[in-house]
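Asks: My questions will all concern the structure given below.
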Amino acid sequence: MAAAWPELEAAARERRRELALAGAAVAERVAAGGGRLPAALLALPLLQSLELSGCAALRELGPGLAAALPALHTLVLRGNALGPAGLGAGLGGPLPALRLLDLSGNGLEALPAALGGPADAAPAGAPAFPQLRSLNLSGNRLRELGPGLALAAPQLQALLLSGNRLRALPGGLLPPAPAAGPGPFPLLSRLEAADNEVAELGAGIAALPALKSLDVANNRLQELPAALADCPRLKEANFRGNQLKDKRLEKMVNGCQTKAILEYLRAGGRGRGKAEGAREEARKKKREKQQQKDGGDGERDELEEARKLLVKVLHVSENPAPMVVRASPGVKDVRAFIVCCVLKGVNLQPGNALKRFLSAQTKLHEDICEKRTAATIATHDLQLVKGPLTYDVRPPDELKIMPLGRKEIKAKDLLRQLHLEAEEQRKQKKRQNVSGLHKYLQLLDGKDNYPCLMDAEGVVISFPPITNSEKTKIRKDTRDLFLEVTSNTSLQICKDVMDTLILKIAELNRFTLENKEDSGSDNESDALCGPVNLNPSQNVQPTNFPLVVEQVRVVDTDGNLKVLYPSKTDLATVSSLLTVIR
């Protein structure tokens, strides 16, 4: 007898558009069903968003998924055990509305035919995924990608390939350009292939007209093609962790911004003839002469620009009073992963700086945090945080917190209020399901204990993924920040989010310094209640002072180290835009 799936019964009954399946009970049922998705899932034709992640028992989707769920625009199958055969049956037909497909952390050694490979099964005719914008294939075992992907997903904008076994890029990814009309991947702006085995970065990379961000860190590259300088929109590039023959170029990729690296490649570097290099050198001198005539100094301006994005890491051994977070064993079953650090040097005083900071954090929650379901950020005024801190769990009727903008309340009552507010919003907007912005509320459904971060006095300053506390709220005069990222998915996601958060703060700091604003009466001093509990910080400093990131250790109850952030390998994902002094 097939196992009952109450989640699917409820979804059918309530005509849901969104469905997320997770937890030990789901994994047990998948295993009992032979490692495939239940047939009842195919009876939900209205479904637009489906997620089933972290299920090691899931080896195949089962037949007919694409045909049964034609309205799907988001399909997240992260951290399962899917191979190309297991995907093939489910994705054997077109998904005309699909915009996001996440297959990261599976066992793919090749792509299923619908996604363009192997070559003898490349798609023909109309593309199977005409609306696909984002494809995440990170953390698989892919050795190569064929040209069929460009035909299957012609509108792709983000292709994530980090953590595979690719040896060449773009390799066979780009089919021959048609005689007329746009070439392959005309909209691809983000290409990530860090932590592979890439030994060749081909000149074909310049055939991607929309490419803005390229990450090929930690590969086996010995040279960078001069054609990179011909990428018309390339703004961010990460080449770190490669053993380049040109040692000057190797130093540049570790310390310079992308613009300087591309200028070096354009001027000749390794890979262009002497005559062309001489011509470029002459043009460069002419530009410098004109800049001096105009009273400018391009090189000095570039150095000043770099200084504004400096980040200095203060090691625990250099800090007389480092912050420590003690994690209890109970968090493992509720929200296992936490990464923290201290950040000093942010200026929130002028004009709308604080408002921009809060807006940026909201956007991070929307994007990289996947509407707070993958990870949640909380930022605190360090001066109001009394360490050491404890990351622990409490029963819902015992955990009390003063949420941002609200009075002190028990966690269970706060969740009830937020669910009611989400439902009221759903009714007002006449939706079939609550907004995706409220999906994070479901992460604590059925939990006997809730996670919390407490200060030395036992006061709860953070209740992830829901809210942080009024007690540590950030205001315009905040000088130092305590940053916290938690997740129930993986430690690496916490680190990636923290890397991006620090980069964003550095960019906002530079913007504030460049656009001198008067200190205003901006009272936008907190974020709305919800996992967005943003708390920025302010530290007015001269432009040539770097931000300072102080390492924070997370230890177990016996004092054994669990996480140290930032470690030597952290901040690598944003290294092309930050100069990190360690």
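Naming works like this for the structure tokens: A, B, ... for the chains as they're shown, residue 1 at the start of each chain, ligands 1 onward in shown order.
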Which polymer residues have any atom within 6 Å of an atom of segment 493-506 of chain A, counting only C-alpha atoms, with same-chain residues fewer than 3 positions away left out, as a PyMOL selection string?
Replies: chain A and resi 309+485+490+509+571
Asks: Restricted to C-alpha atoms, what would the selected residues look like written as a short mmCIF file (atom, residue, chain, number, x, y, z; two decimals), in the first residue's frame?
Replies:
data_model
loop_
_atom_site.label_atom_id
_atom_site.label_comp_id
_atom_site.auth_asym_id
_atom_site.auth_seq_id
_atom_site.Cartn_x
_atom_site.Cartn_y
_atom_site.Cartn_z
CA LEU A 309 36.52 48.57 -1.10
CA VAL A 485 23.39 34.35 9.08
CA SER A 490 23.95 24.09 4.79
CA ASN A 509 29.77 52.52 2.17
CA LEU A 571 35.19 35.90 1.07
#
Asks: Show me, as a ChimeraX atom specification, the residues that have an atom within 6 Å of segment 21-24 of chain A when counting only C-alpha atoms, minus same-chain residues fewer than 2 positions from it.
Replies: /A:26-27,52
Asks: I need the chosen residues saved as a PDB file, in the first residue's frame, with N, CA, C and O atoms.
Replies:
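Resulting contents of again-v1.pdb:
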ATOM      1  N   VAL A  26       9.271  12.967   4.976  1.00  0.00           N
ATOM      2  CA  VAL A  26       9.222  12.991   3.511  1.00  0.00           C
ATOM      3  C   VAL A  26      10.260  12.033   2.937  1.00  0.00           C
ATOM      4  O   VAL A  26       9.982  11.262   2.015  1.00  0.00           O
ATOM      5  N   ALA A  27      11.482  12.058   3.492  1.00  0.00           N
ATOM      6  CA  ALA A  27      12.541  11.170   3.014  1.00  0.00           C
ATOM      7  C   ALA A  27      12.163   9.707   3.176  1.00  0.00           C
ATOM      8  O   ALA A  27      12.431   8.875   2.297  1.00  0.00           O
ATOM      9  N   LEU A  52      11.716  20.181  -3.422  1.00  0.00           N
ATOM     10  CA  LEU A  52      12.000  18.998  -2.609  1.00  0.00           C
ATOM     11  C   LEU A  52      13.520  18.903  -2.529  1.00  0.00           C
ATOM     12  O   LEU A  52      14.165  18.492  -3.479  1.00  0.00           O
TER      13      LEU A  52
END
Asks: One decimal, in Å: what's the spacing between atom CA of Leu415 of chain A and atom CA of Lys476 of chain A?
Replies: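 Between atom CA of Leu415 of chain A and atom CA of Lys476 of chain A the gap works out to 29.0 Å.
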Asks: Do a neighbour search on Leu61 of chain A at 8 Å with only C-alpha atoms, toss out local chain neighbours closer than 2 positions, and write the hits as a PDB file with C-alpha atoms, in the first residue's frame.
Replies:
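Resulting contents of result.pdb:
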ATOM      1  CA  ARG A  36      10.914   8.573  -6.716  1.00  0.00           C
ATOM      2  CA  LEU A  37       8.312  11.296  -6.311  1.00  0.00           C
ATOM      3  CA  LEU A  58      15.262  10.834  -4.098  1.00  0.00           C
ATOM      4  CA  ARG A  59      16.892   9.205  -7.121  1.00  0.00           C
ATOM      5  CA  PRO A  63       7.559   9.753 -15.461  1.00  0.00           C
ATOM      6  CA  LEU A  65       6.221  15.384 -14.296  1.00  0.00           C
ATOM      7  CA  GLY A  86      16.393   9.891 -12.862  1.00  0.00           C
ATOM      8  CA  LEU A  87      15.763  13.338 -14.287  1.00  0.00           C
ATOM      9  CA  ALA A  89      11.713  10.664 -17.256  1.00  0.00           C
ATOM     10  CA  GLY A  90      10.367  13.608 -15.287  1.00  0.00           C
TER      11      GLY A  90
END
Asks: Mind checking DSSP for segment 60-288 of chain A and telling me the alpha helix (DSSP H) residues as a PyMOL selection string?
Replies: chain A and resi 65-68+84-90+148-152+247-255+258-266+274-288
Asks: Find, counting only C-alpha atoms, the residue in A:Val311, A:Leu343, A:Ala353, A:Ile377 that gets nearest to Glu514 of chain A.
Replies: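 Using only C-alpha atoms, Glu514 of chain A sits closest to A:Ala353.
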Asks: Within 8 Å of segment 447-460 of chain A, counting only C-alpha atoms, which residues qualify if same-chain residues fewer than 2 places away don't, as a PyMOL selection string?
Replies: chain A and resi 331+334-335+385-396+399-401+444-445+462-464+469
Asks: Between A:Gly241, A:Pro170, A:Gly83, A:Pro403, which has the minimum distance to Ala572 of chain A (counting only C-alpha atoms)?
Replies: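 Residue with the minimum atom-to-atom distance to Ala572 of chain A: A:Gly241.
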Asks: Would you work out the distance separating atom CA of Leu8 of chain A from atom CA of Leu82 of chain A, expressed in Å to one decimal?
Replies: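 Computed distance, atom CA of Leu8 of chain A to atom CA of Leu82 of chain A, equals 21.4 Å.
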Asks: Within 10 Å of Leu244 of chain A, counting only C-alpha atoms, which residues show up once you throw out same-chain ones fewer than 4 positions away? Write them as a PyMOL selection string, please.
Replies: chain A and resi 220-224+239-240+248-251+253
Asks: Excluding same-chain residues fewer than 5 positions from Ser213 of chain A, what lies within 12 Å of it counting only C-alpha atoms, as an NGL selection string?
Replies: :A and (157-160 or 188-193 or 205 or 208 or 228 or 231-239 or 258 or 573-574 or 576-577)
Asks: Could you check how far atom CA of Glu200 of chain A sits from atom CA of Ala168 of chain A, in Å to one decimal?
Replies: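 For atom CA of Glu200 of chain A relative to atom CA of Ala168 of chain A, the distance reads 4.9 Å.
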